[in-house]
Every structure is written in structure tokens, then in C-alpha cells.
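Here's model-v4.txt, which has compact mmCIF, C-alpha atoms:
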```txt
# COMPACT_ATOMS: atom_id res chain seq x y z
CA MET M 1 -13.30 -39.86 21.35
CA HIS M 2 -16.19 -39.04 19.03
CA THR M 3 -15.81 -35.34 18.59
CA PHE M 4 -16.57 -33.50 15.37
CA LEU M 5 -12.89 -32.97 14.60
CA TYR M 6 -12.08 -36.61 15.24
CA ARG M 7 -14.78 -37.81 12.87
CA THR M 8 -13.84 -35.27 10.21
CA ASN M 9 -10.27 -36.44 10.45
CA SER M 10 -11.09 -40.13 9.98
CA LEU M 11 -13.50 -39.32 7.13
CA LEU M 12 -10.88 -37.25 5.31
CA THR M 13 -8.23 -39.92 5.84
CA PHE M 14 -10.56 -42.57 4.43
CA VAL M 15 -11.49 -40.44 1.41
CA ALA M 16 -7.83 -39.75 0.71
CA SER M 17 -6.86 -43.43 0.86
CA VAL M 18 -9.75 -44.45 -1.43
CA LEU M 19 -8.71 -41.77 -3.96
CA VAL M 20 -5.10 -42.91 -3.89
CA VAL M 21 -6.11 -46.53 -4.50
CA LEU M 22 -8.41 -45.50 -7.38
CA CYS M 23 -5.62 -43.44 -8.97
CA ILE M 24 -3.23 -46.39 -8.73
CA LEU M 25 -5.85 -48.71 -10.29
CA ALA M 26 -6.49 -46.25 -13.14
CA SER M 27 -2.75 -46.11 -13.80
CA ILE M 28 -2.51 -49.92 -13.80
CA THR M 29 -5.16 -50.17 -16.54
CA ASP M 30 -2.95 -47.83 -18.63
CA TYR M 31 -0.07 -50.21 -18.17
CA PHE M 32 -1.85 -53.02 -20.01
CA HIS M 33 -3.01 -50.81 -22.86
CA ARG M 34 -1.41 -51.59 -26.23
CA ASP M 35 -1.65 -49.00 -28.97
CA SER M 36 -1.31 -49.39 -32.71
CA ALA M 37 0.08 -45.99 -33.60
CA VAL M 38 0.77 -45.22 -37.24
CA VAL M 39 3.42 -42.64 -38.05
CA ALA M 40 4.71 -41.46 -41.43
CA VAL M 41 7.12 -38.53 -41.62
CA ASP M 42 9.20 -37.28 -44.49
CA ILE M 43 11.44 -34.34 -45.31
CA VAL M 44 9.74 -32.73 -48.31
CA GLN M 45 12.31 -30.09 -49.01
CA VAL M 46 15.39 -28.36 -47.64
CA ASP M 47 14.24 -24.74 -47.79
CA ARG M 48 17.55 -23.28 -46.66
CA PHE M 49 20.82 -24.66 -45.35
CA GLN M 50 23.38 -22.18 -44.10
CA VAL M 51 25.72 -21.04 -41.36
CA SER M 52 23.89 -19.02 -38.74
CA GLN M 53 25.10 -15.67 -37.40
CA ALA M 54 26.59 -17.43 -34.38
CA GLY M 55 28.65 -19.61 -36.71
CA ASN M 56 26.68 -22.87 -36.42
CA ASP M 57 25.08 -24.92 -39.17
CA GLU M 58 21.37 -24.24 -39.46
CA ALA M 59 18.78 -25.96 -41.63
CA PHE M 60 15.26 -24.89 -42.54
CA LEU M 61 13.30 -27.96 -43.51
CA ALA M 62 9.78 -28.70 -44.65
CA PHE M 63 8.20 -31.89 -43.33
CA ASN M 64 5.29 -34.03 -44.32
CA ILE M 65 3.79 -35.30 -41.08
CA SER M 66 0.97 -37.77 -40.89
CA ALA M 67 0.10 -39.87 -37.89
CA ASP M 68 -2.80 -41.73 -36.38
CA LEU M 69 -2.41 -41.71 -32.61
CA ARG M 70 -6.08 -42.25 -31.76
CA SER M 71 -5.33 -45.69 -30.37
CA VAL M 72 -2.91 -44.20 -27.83
CA PHE M 73 -5.76 -42.54 -25.91
CA THR M 74 -7.16 -44.40 -22.92
CA TRP M 75 -9.84 -43.36 -20.46
CA ASN M 76 -7.05 -42.03 -18.20
CA THR M 77 -5.34 -39.91 -20.87
CA LYS M 78 -5.69 -36.17 -20.35
CA GLN M 79 -3.59 -35.16 -23.32
CA LEU M 80 -0.83 -36.23 -25.64
CA PHE M 81 2.18 -34.02 -26.13
CA VAL M 82 3.36 -35.01 -29.61
CA PHE M 83 6.66 -33.82 -31.00
CA LEU M 84 9.00 -34.55 -33.86
CA ALA M 85 12.73 -34.66 -33.11
CA VAL M 86 15.60 -34.58 -35.56
CA GLU M 87 18.33 -36.85 -34.21
CA TYR M 88 21.90 -37.23 -35.42
CA ALA M 89 25.41 -37.91 -34.18
CA THR M 90 28.49 -35.80 -34.93
CA PRO M 91 32.17 -36.24 -34.06
CA GLU M 92 31.67 -33.67 -31.26
CA ASN M 93 28.35 -34.88 -29.91
CA ALA M 94 27.37 -38.51 -29.50
CA VAL M 95 23.70 -37.49 -29.28
CA ASN M 96 21.90 -34.52 -30.80
CA GLN M 97 18.14 -34.28 -30.39
CA VAL M 98 16.36 -31.20 -31.66
CA SER M 99 12.61 -30.85 -31.40
CA VAL M 100 11.37 -29.21 -34.60
CA TRP M 101 7.60 -29.50 -34.28
CA ASP M 102 5.13 -30.21 -31.49
CA ARG M 103 1.44 -30.21 -30.71
CA ILE M 104 -0.80 -30.73 -27.70
CA ILE M 105 -3.68 -33.10 -28.44
CA GLU M 106 -6.50 -33.10 -25.93
CA ARG M 107 -9.12 -35.19 -27.73
CA ARG M 108 -8.99 -38.57 -29.40
CA GLU M 109 -10.55 -37.20 -32.61
CA ASP M 110 -7.70 -34.68 -32.97
CA ALA M 111 -5.06 -37.42 -32.84
CA LEU M 112 -5.39 -38.00 -36.59
CA ILE M 113 -2.69 -35.71 -37.95
CA ALA M 114 -2.17 -34.92 -41.64
CA LEU M 115 0.13 -32.01 -42.36
CA PRO M 116 1.38 -31.93 -45.95
CA ARG M 117 4.03 -29.27 -45.50
CA VAL M 118 5.18 -27.89 -42.16
CA GLN M 119 8.33 -25.89 -41.63
CA ASN M 120 10.33 -26.43 -38.47
CA LYS M 121 8.68 -24.61 -35.59
CA TYR M 122 11.91 -24.46 -33.56
CA ARG M 123 15.33 -23.71 -35.02
CA LEU M 124 17.37 -26.65 -36.19
CA VAL M 125 20.85 -25.48 -35.24
CA ASP M 126 23.94 -27.60 -34.66
CA GLN M 127 26.58 -26.97 -32.00
CA GLY M 128 29.24 -26.31 -34.62
CA ARG M 129 29.48 -26.89 -38.36
CA ASN M 130 28.90 -30.60 -38.63
CA MET M 131 25.62 -30.90 -40.49
CA ARG M 132 26.71 -31.09 -44.12
CA GLY M 133 26.04 -34.54 -45.56
CA ARG M 134 24.87 -35.68 -42.13
CA ASP M 135 22.58 -38.70 -41.76
CA LEU M 136 19.45 -37.92 -39.77
CA ASN M 137 16.81 -39.90 -37.95
CA LEU M 138 13.34 -38.50 -37.43
CA THR M 139 11.62 -39.67 -34.27
CA MET M 140 8.01 -39.00 -33.42
CA TYR M 141 7.38 -39.03 -29.68
CA TRP M 142 4.04 -38.98 -27.89
CA ASN M 143 4.14 -38.20 -24.20
CA ALA M 144 0.90 -39.38 -22.58
CA MET M 145 -0.03 -37.09 -19.71
CA PRO M 146 -2.61 -38.84 -17.53
CA LYS M 147 -5.64 -37.66 -15.59
CA SER M 148 -3.80 -39.30 -12.72
CA GLY M 149 -0.93 -41.71 -12.37
CA ARG M 150 2.01 -42.67 -14.53
CA ILE M 151 3.40 -40.40 -17.25
CA TYR M 152 4.78 -42.38 -20.18
CA THR M 153 6.15 -41.88 -23.66
CA GLY M 154 5.80 -43.81 -26.92
CA GLN M 155 7.96 -43.28 -29.95
CA LYS M 156 8.64 -44.28 -33.52
CA THR M 157 11.96 -43.68 -35.26
CA LEU M 158 12.29 -43.35 -39.03
CA THR M 159 15.75 -43.58 -40.50
CA GLY M 160 17.54 -42.88 -43.77
CA TYR M 161 17.40 -39.08 -44.13
CA ARG M 162 20.39 -37.05 -45.13
CA LEU M 163 21.23 -33.36 -45.29
CA PRO M 164 22.82 -31.96 -48.48
CA ASP M 165 26.61 -31.80 -48.85
CA THR M 166 26.57 -28.09 -49.63
CA TYR M 167 24.96 -25.00 -48.16
CA SER M 168 22.17 -23.32 -50.10
CA MET F 1 -22.23 -28.59 13.61
CA ILE F 2 -22.47 -25.90 16.29
CA GLY F 3 -22.99 -28.64 18.89
CA TYR F 4 -19.80 -30.31 17.76
CA VAL F 5 -17.85 -27.07 17.90
CA LYS F 6 -19.20 -26.54 21.44
CA ASP F 7 -18.06 -30.06 22.28
CA ALA F 8 -14.62 -29.32 20.95
CA VAL F 9 -14.41 -26.08 22.91
CA ARG F 10 -15.51 -27.90 26.08
CA ASP F 11 -12.89 -30.59 25.42
CA VAL F 12 -10.16 -27.97 25.22
CA HIS F 13 -11.54 -26.33 28.36
CA THR F 14 -11.54 -29.55 30.39
CA TYR F 15 -8.15 -30.35 28.97
CA PHE F 16 -6.61 -27.24 30.43
CA LYS F 17 -8.51 -27.69 33.75
CA THR F 18 -7.30 -31.25 34.29
CA LEU F 19 -3.82 -30.69 32.90
CA ASN F 20 -1.22 -32.92 34.50
CA VAL F 21 2.41 -33.66 33.78
CA ARG F 22 1.99 -37.32 32.82
CA GLN F 23 -0.65 -36.47 30.24
CA LEU F 24 1.42 -33.61 28.89
CA ILE F 25 4.44 -35.83 28.34
CA SER F 26 2.37 -38.54 26.65
CA GLN F 27 0.89 -35.95 24.29
CA ALA F 28 4.29 -34.46 23.52
CA ILE F 29 5.47 -37.94 22.62
CA SER F 30 2.52 -38.65 20.32
CA LEU F 31 3.08 -35.30 18.60
CA GLY F 32 6.75 -36.16 18.22
CA LEU F 33 5.80 -39.54 16.74
CA ILE F 34 3.62 -37.90 14.11
CA VAL F 35 6.33 -35.45 13.12
CA SER F 36 9.09 -38.06 13.03
CA SER F 37 7.07 -40.60 11.02
CA ALA F 38 6.27 -37.89 8.45
CA LEU F 39 9.99 -37.11 8.27
CA MET F 40 10.81 -40.81 7.90
CA ILE F 41 8.40 -41.23 4.99
CA TRP F 42 9.85 -38.17 3.26
CA LYS F 43 13.48 -39.25 3.74
CA GLY F 44 12.58 -42.81 2.71
CA LEU F 45 11.06 -41.49 -0.52
CA MET F 46 14.26 -39.50 -1.13
CA VAL F 47 16.31 -42.69 -0.94
CA VAL F 48 13.93 -44.70 -3.16
CA THR F 49 13.54 -42.06 -5.88
CA GLY F 50 17.09 -40.75 -5.77
CA SER F 51 15.74 -37.21 -5.93
CA GLU F 52 16.28 -34.57 -3.29
CA SER F 53 12.62 -33.61 -3.49
CA PRO F 54 10.56 -36.67 -4.49
CA VAL F 55 7.26 -34.78 -4.69
CA VAL F 56 6.79 -31.28 -6.08
CA VAL F 57 3.75 -29.04 -6.35
CA VAL F 58 3.20 -27.34 -9.71
CA LEU F 59 3.36 -23.61 -8.99
CA SER F 60 2.87 -22.07 -12.43
CA GLY F 61 0.61 -22.50 -15.42
CA SER F 62 3.45 -22.91 -17.91
CA MET F 63 2.70 -26.61 -18.51
CA GLU F 64 -1.06 -26.20 -18.94
CA PRO F 65 -3.33 -27.91 -19.79
CA GLY F 66 -1.30 -30.99 -18.79
CA PHE F 67 -0.32 -29.73 -15.35
CA ARG F 68 -2.18 -26.99 -13.51
CA ARG F 69 -1.30 -24.99 -10.42
CA GLY F 70 -1.75 -27.17 -7.34
CA ASP F 71 -1.23 -30.55 -9.04
CA ILE F 72 1.57 -32.70 -7.70
CA LEU F 73 4.31 -34.57 -9.54
CA PHE F 74 6.35 -37.55 -8.39
CA LEU F 75 9.98 -37.31 -9.37
CA HIS F 76 12.56 -39.94 -10.06
CA MET F 77 16.26 -39.41 -10.65
CA SER F 78 18.06 -42.37 -12.18
CA ASN F 79 21.43 -42.52 -13.88
CA ALA F 80 19.73 -42.85 -17.27
CA PRO F 81 20.76 -40.02 -19.60
CA ILE F 82 18.42 -37.07 -20.03
CA ARG F 83 16.56 -37.21 -23.34
CA ALA F 84 14.24 -34.95 -25.33
CA GLY F 85 10.58 -34.99 -24.29
CA GLU F 86 11.20 -35.72 -20.63
CA ILE F 87 9.59 -33.40 -18.11
CA VAL F 88 12.34 -32.35 -15.73
CA VAL F 89 12.49 -30.27 -12.56
CA PHE F 90 15.52 -28.02 -12.51
CA ASN F 91 17.16 -25.38 -10.38
CA ILE F 92 18.71 -22.22 -11.78
CA ASP F 93 21.57 -20.56 -9.90
CA GLY F 94 20.21 -17.51 -8.09
CA ARG F 95 16.59 -18.68 -8.17
CA ASP F 96 14.85 -20.19 -5.13
CA ILE F 97 11.98 -21.94 -6.85
CA PRO F 98 12.59 -25.01 -9.03
CA ILE F 99 10.93 -25.08 -12.47
CA VAL F 100 9.04 -27.97 -14.10
CA HIS F 101 9.43 -27.88 -17.89
CA ARG F 102 10.00 -30.18 -20.85
CA VAL F 103 13.34 -30.93 -22.50
CA ILE F 104 13.14 -29.93 -26.18
CA ARG F 105 16.78 -30.21 -27.17
CA VAL F 106 19.68 -32.41 -26.09
CA HIS F 107 23.36 -32.34 -27.03
CA GLU F 108 25.54 -34.99 -25.44
CA LYS F 109 29.31 -34.58 -25.73
CA ALA F 110 31.08 -37.54 -27.32
CA GLU F 111 34.19 -37.30 -25.13
CA THR F 112 32.85 -36.53 -21.67
CA GLY F 113 29.26 -37.74 -21.96
CA GLU F 114 28.11 -34.44 -20.48
CA VAL F 115 24.71 -33.22 -21.62
CA GLU F 116 23.56 -29.77 -22.57
CA VAL F 117 19.80 -29.47 -22.68
CA LEU F 118 17.28 -26.76 -23.45
CA THR F 119 13.83 -26.72 -21.87
CA LYS F 120 10.47 -25.12 -22.61
CA GLY F 121 7.08 -24.97 -20.92
CA ASP F 122 4.41 -26.58 -23.09
CA ASN F 123 2.19 -23.55 -22.63
CA ASN F 124 4.94 -20.96 -23.27
CA PHE F 125 5.72 -19.48 -26.67
CA GLY F 126 9.49 -19.51 -26.45
CA ASP F 127 12.14 -21.66 -24.85
CA ASP F 128 13.49 -21.11 -21.32
CA ARG F 129 16.66 -19.17 -22.09
CA PRO F 130 15.19 -15.94 -20.66
CA LEU F 131 14.54 -17.83 -17.39
CA TYR F 132 18.09 -19.14 -17.11
CA ALA F 133 20.88 -17.21 -15.39
CA GLN F 134 22.40 -14.28 -17.28
CA GLY F 135 24.31 -15.61 -20.29
CA GLN F 136 23.37 -19.23 -19.58
CA MET F 137 22.49 -21.09 -22.77
CA TRP F 138 22.08 -24.67 -21.55
CA LEU F 139 21.16 -26.75 -18.53
CA ASN F 140 23.53 -29.46 -17.37
CA ARG F 141 22.89 -32.56 -15.36
CA LYS F 142 23.75 -30.80 -12.09
CA HIS F 143 20.80 -28.43 -12.55
CA VAL F 144 18.28 -31.25 -12.91
CA MET F 145 16.66 -32.47 -9.69
CA GLY F 146 14.56 -35.22 -11.24
CA ARG F 147 12.18 -36.22 -14.00
CA ALA F 148 8.44 -36.36 -13.53
CA VAL F 149 7.14 -39.93 -13.63
CA GLY F 150 3.80 -39.69 -11.83
CA TYR F 151 1.01 -37.17 -11.55
CA LEU F 152 -1.90 -36.48 -9.19
CA PRO F 153 -4.28 -33.57 -9.75
CA TYR F 154 -5.33 -30.99 -7.11
CA VAL F 155 -3.52 -32.64 -4.16
CA GLY F 156 -1.09 -29.76 -3.71
CA ILE F 157 -3.75 -27.05 -3.68
CA VAL F 158 -3.27 -26.61 0.09
CA THR F 159 0.36 -25.67 -0.56
CA ILE F 160 -0.75 -23.08 -3.10
CA LEU F 161 -3.24 -21.66 -0.57
CA MET F 162 -0.57 -21.56 2.12
CA THR F 163 1.93 -19.69 -0.06
CA ASP F 164 -0.71 -17.29 -1.41
CA TYR F 165 -2.43 -16.64 1.94
CA PRO F 166 -0.03 -17.11 4.90
CA TYR F 167 -2.84 -17.03 7.50
CA VAL F 168 -4.24 -20.30 6.07
CA LYS F 169 -1.05 -21.95 7.30
CA ILE F 170 -1.61 -20.63 10.84
CA ILE F 171 -5.24 -21.78 10.89
CA LEU F 172 -4.30 -25.21 9.56
CA ILE F 173 -1.46 -25.80 12.03
CA GLY F 174 -3.68 -24.50 14.86
CA ALA F 175 -6.51 -26.88 13.92
CA LEU F 176 -4.15 -29.85 13.68
CA GLY F 177 -2.57 -29.01 17.03
CA LEU F 178 -6.02 -28.76 18.61
CA LEU F 179 -6.91 -32.15 17.18
CA VAL F 180 -3.79 -33.74 18.62
CA ILE F 181 -4.29 -32.39 22.16
CA THR F 182 -8.05 -33.01 22.32
CA SER F 183 -7.97 -36.57 21.01
CA LYS F 184 -7.84 -38.95 23.98
CA ASP F 185 -6.22 -42.02 22.46
```
Output the file's structure in the form of C-alpha cells.
Amino acid sequence: MHTFLYRTNSLLTFVASVLVVLCILASITDYFHRDSAVVAVDIVQVDRFQVSQAGNDEAFLAFNISADLRSVFTWNTKQLFVFLAVEYATPENAVNQVSVWDRIIERREDALIALPRVQNKYRLVDQGRNMRGRDLNLTMYWNAMPKSGRIYTGQKTLTGYRLPDTYS
Amino acid sequence: MIGYVKDAVRDVHTYFKTLNVRQLISQAISLGLIVSSALMIWKGLMVVTGSESPVVVVLSGSMEPGFRRGDILFLHMSNAPIRAGEIVVFNIDGRDIPIVHRVIRVHEKAETGEVEVLTKGDNNFGDDRPLYAQGQMWLNRKHVMGRAVGYLPYVGIVTILMTDYPYVKIILIGALGLLVITSKD
């Protein structure tokens, strides 16, 4: 009844249950957290706009990205994965989302972003030739990866961007 | 400590000396109960989450520093469309081990509603096309097993140990078996 193994087993079981409850509690505090994120993104310039070798429209853009995501951090936030997606609809595709820039932010102090001119980090290529004169939305997403518990995403969409009618 | 080990050894010894059929059956049943309740919890989770594997252990460092080797992820598979930024677990034809990476690009067909997505590990330089099957450019819904919704650190480290060092598995199963037969209700 009271062997070493038996006691070890009940101790480990107890420790595990306490940890699980603590993790759930930590995640619940996240749930009630409200942030006041500030995001301002703009397309500064269309560097190049052409048909790629594979025959799809491809744009090279320069963005102005500034954001203050310090309020997103809670005591249970391990890191934010922040990315900027170009979103548009074409006759072929109801939804197109292309991530053009991203960054991992591990500390609250680093969540103040001010980048005056960044070129797209990943290629902005369409599935076809539907990008001329296309209206775009820019959405900033921040995926909060916790120390433990729920993973969640916040976002802010900015509308009213448009690609040129001709290639350059 | 040594005293306890001696106790345990003596327990096992007396167990085999006083072995009788009734006791053996009762222990077989309690072992069966443990196994079947574990199976029930697992299958129950499958139904609730809609994912064929509700919990996965992170096996690679490609999502560091967010997820490290040995952390576990809870998956959920709803009918909601797959969108950029979600962390998905997917299977590639011809590969045994599922991969946990982030969706960085989504194209959803207007006519059929089918999605074509591209993934990337946060800690990798390039996207996942080299990991996909030969000539495969996109993942479709059928490849995706679930999206990660919850995270616990370190819990899966035992799994990592067991895959890296097979004898750990033998020791662990042996110790658990010993515990079951020496515990007298």
C-alpha cells in the first residue's frame, strides 16, 4: 500500500494535476485581456510590377509599417508572430492572402515597430494575371503564442489600396 | 530510497510466491481498465476536436522559439476555412511524420471553394515547398489534420526520449507494469 513506487506515483499525479490547473488559469487571464494595438501601414511605392517567368502577375512593393503592439503582451505571452498580409479577390479566387512581411517579437519593448521602407520579404505572386488595377487590403496579424494555454490571433485590416493598371 | 527499492523487490517476490488465479484475474482486469479508459479518453478527444490526432508532440525545432522539441499542441479541426497565420498540422503523401508549420499564403477558388495553401516554419528561411512531395506546389484541405489551438511546454519530452532512445520505452513500460502488479488495491 505505501511502497516507494506507490507514493511516487501519487505525488507525480498530484503535481501533474496542479500544473494543468495552473496552465488553464493562466490561459483564462489571457482571455480577459483587452489590448489597444495601434497599426499604420501604407504602400510607399510600387518598385516593380510585371509578369513572372511562370506567367503570373508579380508585384514588388515597398511598405511603411508602424505598429505599437506592446499592449498585446500579457504575463503569459511567450512571443508574438507578427505578419503583414496582402489580401485581394479575383474572378478566379474568392480569397487570396499573401504574407509579405513577418517578424517574431519576444519582448514587450520590441513590439514598437517603425519601419519606414520595407520591401516584401516573400514574393507577391498571383495565381494568374489578375493583379492589374486590383484593389488590395493590407491586414496586420499578430499571433500570440503563449507560455502555456490558448493560442490566439489579433488583426487589423486597412483598406483602399490599389495596384497600377499597367506593368512597369 | 534503497529501503523502498528493497520493499518493492520484496513485494514482487511475495507476489510471485503467493500467486493465485483469482488475484491474477483481478489484476488482469484492472490493467485492462487502465488501458481501455486511456483509449476512451483519446477517442473521446478525437470526437470533440474533430481531428484524427487531437494532441501532437512537436518533433522539430522549425517553429522555435515559439514551440520547442517536446512541447505539446492541442489540435482542433472545424469546418472553418483555412486562413493565413494559422498553425496547421499536415501530412505529406509518402511521409510518415506530420509537420507543424504556419500558413503564409492562401488561395481559395471562387467556383469550388477549394483552398491551396503554402506553409513555412517560423524558424526556417524558406517556405515548405522542398518538404512537399515531388512537384507539389500547394497543400489542400485533405492534407491538413488540424490547427493548433492550445499549447503546453515540455509535456511531450517523454515521447522525444522514447523515440530517441528506445530502451527508455522498455524501462518505462516495465516500471508501470511493476507498479500495477505490486499495488494491492
If we count only C-alpha atoms, which residues of chain M reach to within 6 Å of chain F? Please list them as a list in words.
-> Phe4, Glu92, Asn93, Ala94, Val95, Asn96, Gln97, Val98, Ser99, Ser148, Gly149, Arg150 and Ile151 of chain M
With C-alpha atoms retained, could you export that selection as a compact mmCIF listing (two decimals), in the frame of the given file?
```
# COMPACT_ATOMS: atom_id res chain seq x y z
CA PHE M 4 -16.57 -33.50 15.37
CA GLU M 92 31.67 -33.67 -31.26
CA ASN M 93 28.35 -34.88 -29.91
CA ALA M 94 27.37 -38.51 -29.50
CA VAL M 95 23.70 -37.49 -29.28
CA ASN M 96 21.90 -34.52 -30.80
CA GLN M 97 18.14 -34.28 -30.39
CA VAL M 98 16.36 -31.20 -31.66
CA SER M 99 12.61 -30.85 -31.40
CA SER M 148 -3.80 -39.30 -12.72
CA GLY M 149 -0.93 -41.71 -12.37
CA ARG M 150 2.01 -42.67 -14.53
CA ILE M 151 3.40 -40.40 -17.25
```
Record the distance separating CA of Tyr15 (chain F) and CA of Gly177 (chain F), expressed in Å with one decimal.
-> 13.2 Å
What is the distance between CA of Arg117 (chain M) and CA of Val44 (chain M), in Å to one decimal?
-> 7.2 Å
What would the list of residues within 10 Å of (23.3, -25.2, -48.0) (file frame) look like as a ChimeraX atom specification, if only C-alpha atoms are what count?
-> /M:46-51,57-60,131-132,163-168
List every protein, DNA or RNA residue with an atom no more than 12 Å from (2.4, -34.7, 14.0) in the file's coordinates, counting only C-alpha atoms, and format the result as a ChimeraX atom specification.
-> /F:27-39,173-181
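Picture a line from CA of Asn79 (chain F) to CA of Met63 (chain F); it runs 25.0 Å.
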Top pick for closest residue to Ile171 (chain F), considering F:Trp138, F:Val158, F:Leu75, F:Asp93 and counting all atoms listed in the file = F:Val158
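The residue that comes closest to Leu161 (chain F), out of F:Arg69, F:Arg22, F:Arg141, F:His76 and on the basis of only C-alpha atoms, is F:Arg69.
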Pick from M:Asp35, M:Glu87, M:Asp68, M:Glu106: nearest to Lys147 (chain M), with all atoms listed in the file counted?
-> M:Glu106
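Once Thr29 (chain M) and its same-chain neighbours fewer than 4 positions away are set aside, M:Ile24, M:Leu25, M:His33, M:Thr74, M:Asn76 remain within 9 Å of it when counting only C-alpha atoms.
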Contacts of Gln119 (chain M) at 9 Å or less, counting all atoms listed in the file, minus same-chain residues fewer than 6 places along, as a PyMOL selection string?
-> chain M and resi 47+60-63+100-101
With N, CA and C atoms as the goal, would you fill in the gaps in region 100-119 of chain M and present it as an mmCIF file, in the frame of the given file?
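Full text of part34.cif as output:
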```
data_model
loop_
_atom_site.group_PDB
_atom_site.id
_atom_site.type_symbol
_atom_site.label_atom_id
_atom_site.label_comp_id
_atom_site.auth_asym_id
_atom_site.auth_seq_id
_atom_site.Cartn_x
_atom_site.Cartn_y
_atom_site.Cartn_z
ATOM 1 N N VAL M 100 11.641 -30.180 -33.537
ATOM 2 C CA VAL M 100 11.370 -29.210 -34.600
ATOM 3 C C VAL M 100 9.884 -28.914 -34.771
ATOM 4 N N TRP M 101 9.043 -29.721 -34.160
ATOM 5 C CA TRP M 101 7.600 -29.500 -34.280
ATOM 6 C C TRP M 101 6.926 -30.155 -33.092
ATOM 7 N N ASP M 102 5.883 -29.545 -32.562
ATOM 8 C CA ASP M 102 5.130 -30.210 -31.490
ATOM 9 C C ASP M 102 3.676 -29.766 -31.493
ATOM 10 N N ARG M 103 2.873 -30.523 -30.797
ATOM 11 C CA ARG M 103 1.440 -30.210 -30.710
ATOM 12 C C ARG M 103 0.856 -30.881 -29.486
ATOM 13 N N ILE M 104 -0.069 -30.159 -28.828
ATOM 14 C CA ILE M 104 -0.800 -30.730 -27.700
ATOM 15 C C ILE M 104 -2.131 -31.251 -28.221
ATOM 16 N N ILE M 105 -2.415 -32.512 -27.972
ATOM 17 C CA ILE M 105 -3.680 -33.100 -28.440
ATOM 18 C C ILE M 105 -4.502 -33.494 -27.230
ATOM 19 N N GLU M 106 -5.679 -32.876 -27.122
ATOM 20 C CA GLU M 106 -6.500 -33.100 -25.930
ATOM 21 C C GLU M 106 -7.654 -34.071 -26.170
ATOM 22 N N ARG M 107 -7.984 -34.308 -27.457
ATOM 23 C CA ARG M 107 -9.120 -35.190 -27.730
ATOM 24 C C ARG M 107 -8.708 -36.286 -28.711
ATOM 25 N N ARG M 108 -9.308 -37.436 -28.553
ATOM 26 C CA ARG M 108 -8.990 -38.570 -29.400
ATOM 27 C C ARG M 108 -9.188 -38.236 -30.888
ATOM 28 N N GLU M 109 -10.260 -37.498 -31.201
ATOM 29 C CA GLU M 109 -10.550 -37.200 -32.610
ATOM 30 C C GLU M 109 -9.430 -36.370 -33.245
ATOM 31 N N ASP M 110 -8.750 -35.555 -32.417
ATOM 32 C CA ASP M 110 -7.700 -34.680 -32.970
ATOM 33 C C ASP M 110 -6.378 -35.410 -33.161
ATOM 34 N N ALA M 111 -6.333 -36.687 -32.787
ATOM 35 C CA ALA M 111 -5.060 -37.420 -32.840
ATOM 36 C C ALA M 111 -4.783 -37.980 -34.233
ATOM 37 N N LEU M 112 -5.645 -37.640 -35.200
ATOM 38 C CA LEU M 112 -5.390 -38.000 -36.590
ATOM 39 C C LEU M 112 -4.756 -36.789 -37.258
ATOM 40 N N ILE M 113 -3.438 -36.877 -37.483
ATOM 41 C CA ILE M 113 -2.690 -35.710 -37.950
ATOM 42 C C ILE M 113 -2.334 -35.901 -39.422
ATOM 43 N N ALA M 114 -2.587 -34.877 -40.229
ATOM 44 C CA ALA M 114 -2.170 -34.920 -41.640
ATOM 45 C C ALA M 114 -1.728 -33.523 -42.028
ATOM 46 N N LEU M 115 -0.418 -33.312 -42.035
ATOM 47 C CA LEU M 115 0.130 -32.010 -42.360
ATOM 48 C C LEU M 115 1.052 -32.166 -43.573
ATOM 49 N N PRO M 116 0.620 -31.687 -44.742
ATOM 50 C CA PRO M 116 1.380 -31.930 -45.950
ATOM 51 C C PRO M 116 2.707 -31.183 -46.016
ATOM 52 N N ARG M 117 2.774 -30.014 -45.410
ATOM 53 C CA ARG M 117 4.030 -29.270 -45.500
ATOM 54 C C ARG M 117 4.166 -28.338 -44.308
ATOM 55 N N VAL M 118 4.938 -28.771 -43.312
ATOM 56 C CA VAL M 118 5.180 -27.890 -42.160
ATOM 57 C C VAL M 118 6.659 -27.569 -42.072
ATOM 58 N N GLN M 119 6.939 -26.283 -41.829
ATOM 59 C CA GLN M 119 8.330 -25.890 -41.630
ATOM 60 C C GLN M 119 8.696 -26.053 -40.162
#
```
